[in-house]
Each structure stands twice: as structure tokens, then as C-alpha cells.
$ cat entry_10.cif   # mmCIF, C-alpha atoms
data_structure
loop_
_atom_site.group_PDB
_atom_site.id
_atom_site.type_symbol
_atom_site.label_atom_id
_atom_site.label_comp_id
_atom_site.auth_asym_id
_atom_site.auth_seq_id
_atom_site.Cartn_x
_atom_site.Cartn_y
_atom_site.Cartn_z
ATOM 1 C CA MET G 1 47.652 -16.192 76.028
ATOM 2 C CA SER G 2 45.982 -18.062 78.847
ATOM 3 C CA SER G 3 42.279 -18.717 79.124
ATOM 4 C CA ASN G 4 42.342 -16.728 82.380
ATOM 5 C CA VAL G 5 43.441 -13.567 80.562
ATOM 6 C CA THR G 6 41.030 -14.111 77.670
ATOM 7 C CA LYS G 7 38.038 -14.810 79.914
ATOM 8 C CA HIS G 8 38.622 -11.828 82.186
ATOM 9 C CA GLY G 9 39.515 -9.542 79.263
ATOM 10 C CA LEU G 10 36.284 -10.434 77.466
ATOM 11 C CA PHE G 11 34.298 -9.913 80.657
ATOM 12 C CA TYR G 12 35.942 -6.517 81.232
ATOM 13 C CA GLY G 13 35.288 -5.476 77.637
ATOM 14 C CA LEU G 14 31.653 -6.540 77.776
ATOM 15 C CA THR G 15 30.964 -4.844 81.107
ATOM 16 C CA SER G 16 32.654 -1.665 79.848
ATOM 17 C CA SER G 17 30.575 -1.742 76.684
ATOM 18 C CA ILE G 18 27.357 -2.298 78.606
ATOM 19 C CA SER G 19 28.098 0.568 80.985
ATOM 20 C CA GLY G 20 28.936 2.781 77.993
ATOM 21 C CA PHE G 21 25.616 1.858 76.395
ATOM 22 C CA LEU G 22 23.792 2.728 79.620
ATOM 23 C CA MET G 23 25.611 6.065 79.826
ATOM 24 C CA TYR G 24 24.887 7.034 76.203
ATOM 25 C CA ASN G 25 21.222 6.236 76.726
ATOM 26 C CA GLY G 26 20.885 8.271 79.915
ATOM 27 C CA MET G 27 20.419 5.307 82.215
ATOM 28 C CA LEU G 28 23.673 5.853 84.085
ATOM 29 C CA GLY G 29 25.404 9.129 84.960
ATOM 30 C CA THR G 30 29.098 9.704 84.348
ATOM 31 C CA MET G 31 29.948 9.869 88.061
ATOM 32 C CA MET G 32 28.111 6.639 88.810
ATOM 33 C CA LEU G 33 29.686 5.094 85.714
ATOM 34 C CA SER G 34 33.150 6.000 86.983
ATOM 35 C CA ILE G 35 32.534 4.517 90.412
ATOM 36 C CA ILE G 36 30.992 1.328 89.060
ATOM 37 C CA GLY G 37 33.732 1.037 86.436
ATOM 38 C CA ILE G 38 36.532 1.213 89.002
ATOM 39 C CA VAL G 39 34.843 -1.286 91.325
ATOM 40 C CA VAL G 40 34.131 -3.748 88.493
ATOM 41 C CA PHE G 41 37.684 -3.367 87.159
ATOM 42 C CA ILE G 42 39.204 -4.124 90.560
ATOM 43 C CA LEU G 43 36.883 -7.101 91.090
ATOM 44 C CA ILE G 44 37.854 -8.503 87.679
ATOM 45 C CA LEU G 45 41.546 -8.052 88.498
ATOM 46 C CA VAL G 46 41.176 -9.747 91.880
ATOM 47 C CA SER G 47 39.344 -12.657 90.235
ATOM 48 C CA ALA G 48 42.032 -12.928 87.536
ATOM 49 C CA GLY G 49 44.789 -12.702 90.147
ATOM 50 C CA LYS G 50 43.242 -15.490 92.206
ATOM 51 C CA ALA G 51 42.872 -17.664 89.105
ATOM 52 C CA TYR G 52 46.492 -16.972 88.115
ATOM 53 C CA LYS G 53 47.724 -17.896 91.566
ATOM 54 C CA ALA G 54 45.610 -21.074 91.551
ATOM 55 C CA GLN G 55 47.217 -22.089 88.251
ATOM 56 C CA ASN G 56 50.703 -21.453 89.653
ATOM 57 C CA GLY G 57 50.634 -23.222 92.988
ATOM 58 C CA GLY G 58 49.386 -20.214 94.935
ATOM 59 C CA TYR G 59 52.263 -17.947 93.939
ATOM 60 C CA ALA G 60 52.529 -14.859 91.756
ATOM 61 C CA THR G 61 55.095 -12.105 91.531
ATOM 62 C CA MET G 62 54.045 -8.513 91.106
ATOM 63 C CA GLY G 63 55.513 -8.513 87.592
ATOM 64 C CA GLU G 64 53.483 -11.555 86.563
ATOM 65 C CA LEU G 65 50.296 -10.027 87.942
ATOM 66 C CA VAL G 66 50.897 -6.654 86.282
ATOM 67 C CA LYS G 67 51.533 -8.428 82.959
ATOM 68 C CA THR G 68 48.329 -10.455 83.357
ATOM 69 C CA PHE G 69 46.317 -7.390 84.365
ATOM 70 C CA SER G 70 47.724 -5.368 81.447
ATOM 71 C CA LEU G 71 46.727 -8.041 78.938
ATOM 72 C CA ILE G 72 43.227 -8.130 80.424
ATOM 73 C CA LEU G 73 43.069 -4.365 80.155
ATOM 74 C CA ILE G 74 44.192 -4.397 76.502
ATOM 75 C CA ILE G 75 41.571 -6.982 75.533
ATOM 76 C CA GLY G 76 38.848 -5.105 77.404
ATOM 77 C CA LEU G 77 39.800 -1.735 75.943
ATOM 78 C CA LEU G 78 39.883 -3.099 72.396
ATOM 79 C CA ILE G 79 36.370 -4.502 72.806
ATOM 80 C CA ASN G 80 35.161 -1.263 74.377
ATOM 81 C CA ALA G 81 36.818 0.848 71.640
ATOM 82 C CA MET G 82 35.131 -1.181 68.906
ATOM 83 C CA PHE G 83 31.779 -0.800 70.641
ATOM 84 C CA GLN G 84 32.195 2.962 71.121
ATOM 85 C CA PHE G 85 33.258 3.549 67.524
ATOM 86 C CA VAL G 86 30.357 1.578 66.102
ATOM 87 C CA TYR G 87 27.769 2.889 68.550
ATOM 88 C CA THR G 88 28.705 6.571 68.392
ATOM 89 C CA MET G 89 29.055 6.552 64.608
ATOM 90 C CA THR G 90 25.522 5.171 64.272
ATOM 91 C CA MET G 91 23.963 7.568 66.811
ATOM 92 C CA SER G 92 21.722 10.253 65.366
ATOM 93 C CA GLU G 93 22.798 13.868 65.723
ATOM 94 C CA GLU G 94 19.669 14.517 67.790
ATOM 95 C CA LYS G 95 20.632 11.796 70.267
ATOM 96 C CA LYS G 96 24.187 13.144 70.480
ATOM 97 C CA ASP G 97 22.890 16.661 71.162
ATOM 98 C CA THR G 98 20.497 15.369 73.826
ATOM 99 C CA PHE G 99 23.346 13.470 75.492
ATOM 100 C CA ILE G 100 25.555 16.574 75.543
ATOM 101 C CA GLU G 101 22.724 18.747 76.897
ATOM 102 C CA THR G 102 22.074 16.251 79.677
ATOM 103 C CA MET G 103 25.757 16.202 80.648
ATOM 104 C CA VAL G 104 25.913 20.008 80.716
ATOM 105 C CA GLU G 105 22.705 20.221 82.778
ATOM 106 C CA ASN G 106 24.009 17.680 85.292
ATOM 107 C CA GLN G 107 27.308 19.528 85.692
ATOM 108 C CA THR G 108 25.506 22.866 86.004
ATOM 109 C CA ASN G 109 23.203 21.475 88.684
ATOM 110 C CA MET G 110 26.191 20.116 90.608
ATOM 111 C CA VAL G 111 27.980 23.471 90.763
ATOM 112 C CA SER G 112 25.006 25.835 90.862
ATOM 113 C CA GLY G 113 25.331 26.544 94.582
ATOM 114 C CA ILE G 114 29.105 26.840 94.470
ATOM 115 C CA ILE G 115 29.828 29.030 91.438
ATOM 116 C CA PRO G 116 28.274 32.507 90.989
ATOM 117 C CA GLU G 117 25.485 32.732 88.384
ATOM 118 C CA GLU G 118 27.504 34.866 85.943
ATOM 119 C CA GLN G 119 30.229 32.220 85.765
ATOM 120 C CA ILE G 120 27.769 29.388 85.187
ATOM 121 C CA GLY G 121 26.898 30.737 81.726
ATOM 122 C CA GLU G 122 30.571 30.834 80.764
ATOM 123 C CA MET G 123 31.058 27.347 82.148
ATOM 124 C CA GLU G 124 28.121 26.022 80.108
ATOM 125 C CA ASP G 125 29.550 27.538 76.917
ATOM 126 C CA GLN G 126 32.949 25.962 77.600
ATOM 127 C CA MET G 127 31.369 22.591 78.345
ATOM 128 C CA TYR G 128 29.308 22.650 75.127
ATOM 129 C CA GLU G 129 32.473 23.441 73.202
ATOM 130 C CA GLN G 130 34.478 20.665 74.874
ATOM 131 C CA LEU G 131 31.734 18.059 74.658
ATOM 132 C CA SER G 132 30.856 18.783 71.025
ATOM 133 C CA GLY G 133 33.958 16.867 69.917
ATOM 134 C CA MET G 134 33.481 13.881 72.201
ATOM 135 C CA PHE G 135 32.059 11.714 69.424
ATOM 136 C CA ASN G 136 35.072 12.139 67.131
ATOM 137 C CA PRO G 137 37.129 8.967 66.698
ATOM 138 C CA SER G 138 40.300 10.768 67.802
ATOM 139 C CA THR G 139 38.618 11.926 71.018
ATOM 140 C CA ILE G 140 37.316 8.431 71.719
ATOM 141 C CA LEU G 141 40.811 7.021 71.207
ATOM 142 C CA MET G 142 42.382 9.681 73.425
ATOM 143 C CA ASN G 143 39.856 9.032 76.197
ATOM 144 C CA LEU G 144 40.544 5.300 75.971
ATOM 145 C CA LEU G 145 44.296 5.937 76.153
ATOM 146 C CA ILE G 146 43.885 8.133 79.236
ATOM 147 C CA GLY G 147 41.594 5.502 80.742
ATOM 148 C CA ALA G 148 44.191 2.818 80.020
ATOM 149 C CA ILE G 149 46.924 4.743 81.811
ATOM 150 C CA PHE G 150 44.626 5.350 84.775
ATOM 151 C CA SER G 151 43.609 1.673 84.810
ATOM 152 C CA ILE G 152 47.205 0.462 84.739
ATOM 153 C CA LEU G 153 47.957 2.666 87.728
ATOM 154 C CA ILE G 154 44.920 1.290 89.554
ATOM 155 C CA SER G 155 45.945 -2.288 88.665
ATOM 156 C CA LEU G 156 49.192 -1.824 90.584
ATOM 157 C CA ILE G 157 47.230 -1.786 93.846
ATOM 158 C CA PRO G 158 45.703 -5.280 93.626
ATOM 159 C CA ALA G 159 48.963 -6.591 92.116
ATOM 160 C CA ALA G 160 50.925 -5.301 95.119
ATOM 161 C CA ILE G 161 48.394 -6.722 97.564
ATOM 162 C CA MET G 162 48.075 -10.132 95.877
ATOM 163 C CA LYS G 163 51.735 -10.802 95.106
ATOM 164 C CA ASN G 164 53.645 -13.436 96.972
ATOM 165 C CA ASN G 165 56.954 -14.833 95.815
ATOM 166 C CA ARG G 166 58.126 -18.375 96.280
ATOM 167 C CA GLU G 167 60.530 -18.751 99.150
ATOM 168 C CA GLU G 168 63.923 -19.445 97.674
ATOM 169 C CA PHE G 169 66.488 -21.179 99.802
ATOM 170 C CA VAL G 170 70.141 -20.590 99.126
#
$ encode --input "entry_10.cif" --output "C-alpha cells"
Amino acid sequence: MSSNVTKHGLFYGLTSSISGFLMYNGMLGTMMLSIIGIVVFILILVSAGKAYKAQNGGYATMGELVKTFSLILIIGLLINAMFQFVYTMTMSEEKKDTFIETMVENQTNMVSGIIPEEQIGEMEDQMYEQLSGMFNPSTILMNLLIGAIFSILISLIPAAIMKNNREEFV
């Protein structure tokens, strides 16, 4: 594995872990976290793609870039998964409940003018039920898997833009 992949994978894992820490401690909302996460991920991929091309005479096929980006993603997700498991398992129940309440309040505030009042109560109950299992290891793993699939799809965009094949003469 190249130093390019390792360096960018570690950076992606650390930035993901830091943003997760900020989210769990109420310093960053989930919507802002999503936006920042996508932007940081794309910037890391562009940086890794440029470094890969520099190491290979300015050329990279889409397949090579997707492979590089996937390895970066795997390293980053493993670091983030370890952080989430350790951090959420050591969180107090009070802190978990406060986090869930904050998420429900934020979602309720977002839809309060759109959804009728009688449906908001039902929505809150459903959200509490869904969010109550978010700290289970299986839920964390499932969310990381869904995030990985989404990230791989996103990584196709910079790979397609950055690719350039060597001109082959017959």
C-alpha cells in the first residue's frame, strides 16, 4: 500500500472521528456534519488523486483512481468505526439521552411549519424509537456500511473528472 493511500486514509479517518466527536458533543449538527463531511471527503480524494498522478507521470486511469479512493475510504472508515465504538460505549446514558433529545428537537423545529401539529407528536415518538438504537454496535456498523456505499458512489465523480489515460500508439 502506498504512502499516498495511507496518509490520506489516516487523514480521512481522523477528520471523520473529529467531526463525530463534535456531533456527539452538540458542537456540530447532523446536517452541517453531512455537508462538511462530503466536502472534506472530496477534497481528500482530489488531493490523493493529484498525488497519485504525480507519482505516475501525470496519468491515472479511472480504475486506478477508484482503487486508490476505495483503499483510502476503507482506512478512514476503520479508524472512524473504532472511534465510534469506543466513544459511544463509554458515553453515559444521560449523555446519550441528551443527544437523542437534541436530535429530535432539531428535526421537530425543522418541520414544525410544514407538518400539522397532530402529526408532529407521532413523528417525535417514531424518531425516539429509531434513535434509541443508534448506539448499538450493529447500528453503528450498518450506518458505516451505508456511508461507505454512498462514499464510493461519490468517489466516482472525482475519479471520472481526474482520469486521463496514456496515449497509446498502435
$ resolve_selection --input "entry_10.cif" --expression "the PyMOL selection byres ((chain G and resi 72-87) around 6)" --output "VMD selection string"
chain G and resid 5 9 to 10 12 to 13 17 69 to 71 88 to 90
$ closest_residue --input "entry_10.cif" --among "G:Asp97, G:Ser19, G:Met27, G:Pro116" --to "Gly133 of chain G" --atoms "only C-alpha atoms"
G:Asp97
$ atom_distance --input "entry_10.cif" --atom1 "atom CA of Ala54 of chain G" --atom2 "atom CA of Ile149 of chain G"
27.6 Å
$ atom_distance --input "entry_10.cif" --atom1 "atom CA of Ile36 of chain G" --atom2 "atom CA of Gly147 of chain G"
14.1 Å
$ closest_residue --input "entry_10.cif" --among "G:Ile44, G:Gly29, G:Ser3, G:Glu94" --to "Thr15 of chain G" --atoms "all atoms listed in the file"
G:Ile44
$ residues_around --input "entry_10.cif" --residues "Gly58 of chain G" --least-positions-apart "3" --cutoff "10 Å" --atoms "only C-alpha atoms" --output "list in words"
Lys50, Ala51, Tyr52, Lys53, Ala54, Gln55, Lys163, Asn164, Asn165 and Arg166 of chain G
$ write_last_selection --input "entry_10.cif" --atoms "C-alpha atoms" --output "compact mmCIF listing (two decimals), keeping the file's coordinate frame"
# COMPACT_ATOMS: atom_id res chain seq x y z
CA LYS G 50 43.24 -15.49 92.21
CA ALA G 51 42.87 -17.66 89.10
CA TYR G 52 46.49 -16.97 88.12
CA LYS G 53 47.72 -17.90 91.57
CA ALA G 54 45.61 -21.07 91.55
CA GLN G 55 47.22 -22.09 88.25
CA LYS G 163 51.74 -10.80 95.11
CA ASN G 164 53.64 -13.44 96.97
CA ASN G 165 56.95 -14.83 95.82
CA ARG G 166 58.13 -18.38 96.28
$ resolve_selection --input "entry_10.cif" --expression "the PyMOL selection byres ((chain G and resi 131) around 12)" --output "VMD selection string"
chain G and resid 96 to 104 107 123 to 130 132 to 136 139 to 140
$ write_last_selection --input "entry_10.cif" --atoms "C-alpha atoms" --output "PDB file, in the frame of the given file"
ATOM      1  CA  LYS G  96      24.187  13.144  70.480  1.00  0.00           C
ATOM      2  CA  ASP G  97      22.890  16.661  71.162  1.00  0.00           C
ATOM      3  CA  THR G  98      20.497  15.369  73.826  1.00  0.00           C
ATOM      4  CA  PHE G  99      23.346  13.470  75.492  1.00  0.00           C
ATOM      5  CA  ILE G 100      25.555  16.574  75.543  1.00  0.00           C
ATOM      6  CA  GLU G 101      22.724  18.747  76.897  1.00  0.00           C
ATOM      7  CA  THR G 102      22.074  16.251  79.677  1.00  0.00           C
ATOM      8  CA  MET G 103      25.757  16.202  80.648  1.00  0.00           C
ATOM      9  CA  VAL G 104      25.913  20.008  80.716  1.00  0.00           C
ATOM     10  CA  GLN G 107      27.308  19.528  85.692  1.00  0.00           C
ATOM     11  CA  MET G 123      31.058  27.347  82.148  1.00  0.00           C
ATOM     12  CA  GLU G 124      28.121  26.022  80.108  1.00  0.00           C
ATOM     13  CA  ASP G 125      29.550  27.538  76.917  1.00  0.00           C
ATOM     14  CA  GLN G 126      32.949  25.962  77.600  1.00  0.00           C
ATOM     15  CA  MET G 127      31.369  22.591  78.345  1.00  0.00           C
ATOM     16  CA  TYR G 128      29.308  22.650  75.127  1.00  0.00           C
ATOM     17  CA  GLU G 129      32.473  23.441  73.202  1.00  0.00           C
ATOM     18  CA  GLN G 130      34.478  20.665  74.874  1.00  0.00           C
ATOM     19  CA  SER G 132      30.856  18.783  71.025  1.00  0.00           C
ATOM     20  CA  GLY G 133      33.958  16.867  69.917  1.00  0.00           C
ATOM     21  CA  MET G 134      33.481  13.881  72.201  1.00  0.00           C
ATOM     22  CA  PHE G 135      32.059  11.714  69.424  1.00  0.00           C
ATOM     23  CA  ASN G 136      35.072  12.139  67.131  1.00  0.00           C
ATOM     24  CA  THR G 139      38.618  11.926  71.018  1.00  0.00           C
ATOM     25  CA  ILE G 140      37.316   8.431  71.719  1.00  0.00           C
TER      26      ILE G 140
END
$ closest_residue --input "entry_10.cif" --among "G:Ala48, G:Leu145, G:Pro137, G:Ile18" --to "Glu64 of chain G" --atoms "all atoms listed in the file"
G:Ala48
$ atom_distance --input "entry_10.cif" --atom1 "atom CA of Phe150 of chain G" --atom2 "atom CA of Asn25 of chain G"
24.8 Å
$ closest_residue --input "entry_10.cif" --among "G:Ile115, G:Ile42, G:Met142, G:Ile120" --to "Ile157 of chain G" --atoms "all atoms listed in the file"
G:Ile42
$ closest_residue --input "entry_10.cif" --among "G:Gly20, G:Ser2, G:His8, G:Leu45" --to "Ser155 of chain G" --atoms "all atoms listed in the file"
G:Leu45
$ decode --input "entry_10.cif" --residues "segment 147-161 of chain G" --atoms "all heavy atoms" --output "mmCIF file, in the first residue's frame"
data_model
loop_
_atom_site.group_PDB
_atom_site.id
_atom_site.type_symbol
_atom_site.label_atom_id
_atom_site.label_comp_id
_atom_site.auth_asym_id
_atom_site.auth_seq_id
_atom_site.Cartn_x
_atom_site.Cartn_y
_atom_site.Cartn_z
ATOM 1 N N GLY G 147 -22.762 4.451 4.741
ATOM 2 C CA GLY G 147 -21.882 5.576 4.431
ATOM 3 C C GLY G 147 -20.789 5.200 3.448
ATOM 4 O O GLY G 147 -20.419 5.986 2.575
ATOM 5 N N ALA G 148 -20.279 3.974 3.559
ATOM 6 C CA ALA G 148 -19.235 3.511 2.644
ATOM 7 C C ALA G 148 -19.771 3.405 1.228
ATOM 8 O O ALA G 148 -19.112 3.821 0.273
ATOM 9 C CB ALA G 148 -18.690 2.160 3.106
ATOM 10 N N ILE G 149 -20.956 2.852 1.085
ATOM 11 C CA ILE G 149 -21.558 2.729 -0.250
ATOM 12 C C ILE G 149 -21.783 4.113 -0.851
ATOM 13 O O ILE G 149 -21.451 4.368 -2.008
ATOM 14 C CB ILE G 149 -22.867 1.918 -0.175
ATOM 15 C CG1 ILE G 149 -22.544 0.462 0.183
ATOM 16 C CG2 ILE G 149 -23.641 1.993 -1.486
ATOM 17 C CD1 ILE G 149 -23.747 -0.364 0.561
ATOM 18 N N PHE G 150 -22.326 5.021 -0.049
ATOM 19 C CA PHE G 150 -22.554 6.386 -0.507
ATOM 20 C C PHE G 150 -21.229 7.056 -0.884
ATOM 21 O O PHE G 150 -21.128 7.718 -1.916
ATOM 22 C CB PHE G 150 -23.278 7.174 0.592
ATOM 23 C CG PHE G 150 -23.603 8.576 0.221
ATOM 24 C CD1 PHE G 150 -24.581 8.855 -0.721
ATOM 25 C CD2 PHE G 150 -22.950 9.646 0.830
ATOM 26 C CE1 PHE G 150 -24.884 10.161 -1.067
ATOM 27 C CE2 PHE G 150 -23.249 10.954 0.492
ATOM 28 C CZ PHE G 150 -24.222 11.214 -0.458
ATOM 29 N N SER G 151 -20.200 6.847 -0.079
ATOM 30 C CA SER G 151 -18.894 7.451 -0.347
ATOM 31 C C SER G 151 -18.258 6.897 -1.612
ATOM 32 O O SER G 151 -17.620 7.638 -2.364
ATOM 33 C CB SER G 151 -17.958 7.230 0.840
ATOM 34 O OG SER G 151 -18.470 7.861 1.986
ATOM 35 N N ILE G 152 -18.406 5.609 -1.846
ATOM 36 C CA ILE G 152 -17.853 5.026 -3.073
ATOM 37 C C ILE G 152 -18.539 5.634 -4.288
ATOM 38 O O ILE G 152 -17.889 5.952 -5.284
ATOM 39 C CB ILE G 152 -17.979 3.489 -3.055
ATOM 40 C CG1 ILE G 152 -16.975 2.918 -2.061
ATOM 41 C CG2 ILE G 152 -17.745 2.899 -4.445
ATOM 42 C CD1 ILE G 152 -17.111 1.435 -1.800
ATOM 43 N N LEU G 153 -19.852 5.816 -4.193
ATOM 44 C CA LEU G 153 -20.564 6.447 -5.308
ATOM 45 C C LEU G 153 -20.080 7.880 -5.526
ATOM 46 O O LEU G 153 -19.883 8.306 -6.662
ATOM 47 C CB LEU G 153 -22.069 6.417 -5.063
ATOM 48 C CG LEU G 153 -22.714 5.034 -5.101
ATOM 49 C CD1 LEU G 153 -24.191 5.114 -4.708
ATOM 50 C CD2 LEU G 153 -22.545 4.383 -6.459
ATOM 51 N N ILE G 154 -19.877 8.608 -4.442
ATOM 52 C CA ILE G 154 -19.381 9.981 -4.559
ATOM 53 C C ILE G 154 -17.966 9.986 -5.142
ATOM 54 O O ILE G 154 -17.617 10.847 -5.946
ATOM 55 C CB ILE G 154 -19.399 10.697 -3.186
ATOM 56 C CG1 ILE G 154 -20.837 11.000 -2.794
ATOM 57 C CG2 ILE G 154 -18.586 11.982 -3.210
ATOM 58 C CD1 ILE G 154 -20.976 11.604 -1.420
ATOM 59 N N SER G 155 -17.143 8.993 -4.768
ATOM 60 C CA SER G 155 -15.754 8.963 -5.232
ATOM 61 C C SER G 155 -15.649 8.729 -6.736
ATOM 62 O O SER G 155 -14.610 9.014 -7.330
ATOM 63 C CB SER G 155 -14.956 7.900 -4.484
ATOM 64 O OG SER G 155 -15.322 6.597 -4.892
ATOM 65 N N LEU G 156 -16.704 8.240 -7.353
ATOM 66 C CA LEU G 156 -16.685 8.052 -8.803
ATOM 67 C C LEU G 156 -16.617 9.389 -9.540
ATOM 68 O O LEU G 156 -16.058 9.468 -10.631
ATOM 69 C CB LEU G 156 -17.910 7.258 -9.260
ATOM 70 C CG LEU G 156 -17.984 5.811 -8.764
ATOM 71 C CD1 LEU G 156 -19.310 5.194 -9.168
ATOM 72 C CD2 LEU G 156 -16.818 5.001 -9.269
ATOM 73 N N ILE G 157 -17.170 10.427 -8.938
ATOM 74 C CA ILE G 157 -17.186 11.743 -9.588
ATOM 75 C C ILE G 157 -15.776 12.304 -9.749
ATOM 76 O O ILE G 157 -15.355 12.606 -10.867
ATOM 77 C CB ILE G 157 -18.119 12.717 -8.843
ATOM 78 C CG1 ILE G 157 -19.561 12.193 -8.891
ATOM 79 C CG2 ILE G 157 -18.024 14.126 -9.428
ATOM 80 C CD1 ILE G 157 -20.514 12.895 -7.941
ATOM 81 N N PRO G 158 -14.997 12.446 -8.642
ATOM 82 C CA PRO G 158 -13.640 12.961 -8.861
ATOM 83 C C PRO G 158 -12.774 12.004 -9.683
ATOM 84 O O PRO G 158 -11.899 12.459 -10.423
ATOM 85 C CB PRO G 158 -13.079 13.155 -7.455
ATOM 86 C CG PRO G 158 -14.020 12.549 -6.516
ATOM 87 C CD PRO G 158 -15.304 12.327 -7.221
ATOM 88 N N ALA G 159 -13.019 10.698 -9.585
ATOM 89 C CA ALA G 159 -12.241 9.746 -10.388
ATOM 90 C C ALA G 159 -12.504 9.969 -11.873
ATOM 91 O O ALA G 159 -11.582 9.954 -12.688
ATOM 92 C CB ALA G 159 -12.579 8.310 -9.990
ATOM 93 N N ALA G 160 -13.768 10.194 -12.230
ATOM 94 C CA ALA G 160 -14.109 10.424 -13.640
ATOM 95 C C ALA G 160 -13.534 11.740 -14.141
ATOM 96 O O ALA G 160 -13.082 11.838 -15.289
ATOM 97 C CB ALA G 160 -15.623 10.405 -13.821
ATOM 98 N N ILE G 161 -13.522 12.747 -13.285
ATOM 99 C CA ILE G 161 -13.010 14.057 -13.681
ATOM 100 C C ILE G 161 -11.482 14.037 -13.800
ATOM 101 O O ILE G 161 -10.921 14.621 -14.723
ATOM 102 C CB ILE G 161 -13.464 15.140 -12.674
ATOM 103 C CG1 ILE G 161 -14.981 15.325 -12.769
ATOM 104 C CG2 ILE G 161 -12.736 16.456 -12.918
ATOM 105 C CD1 ILE G 161 -15.569 16.180 -11.667
#
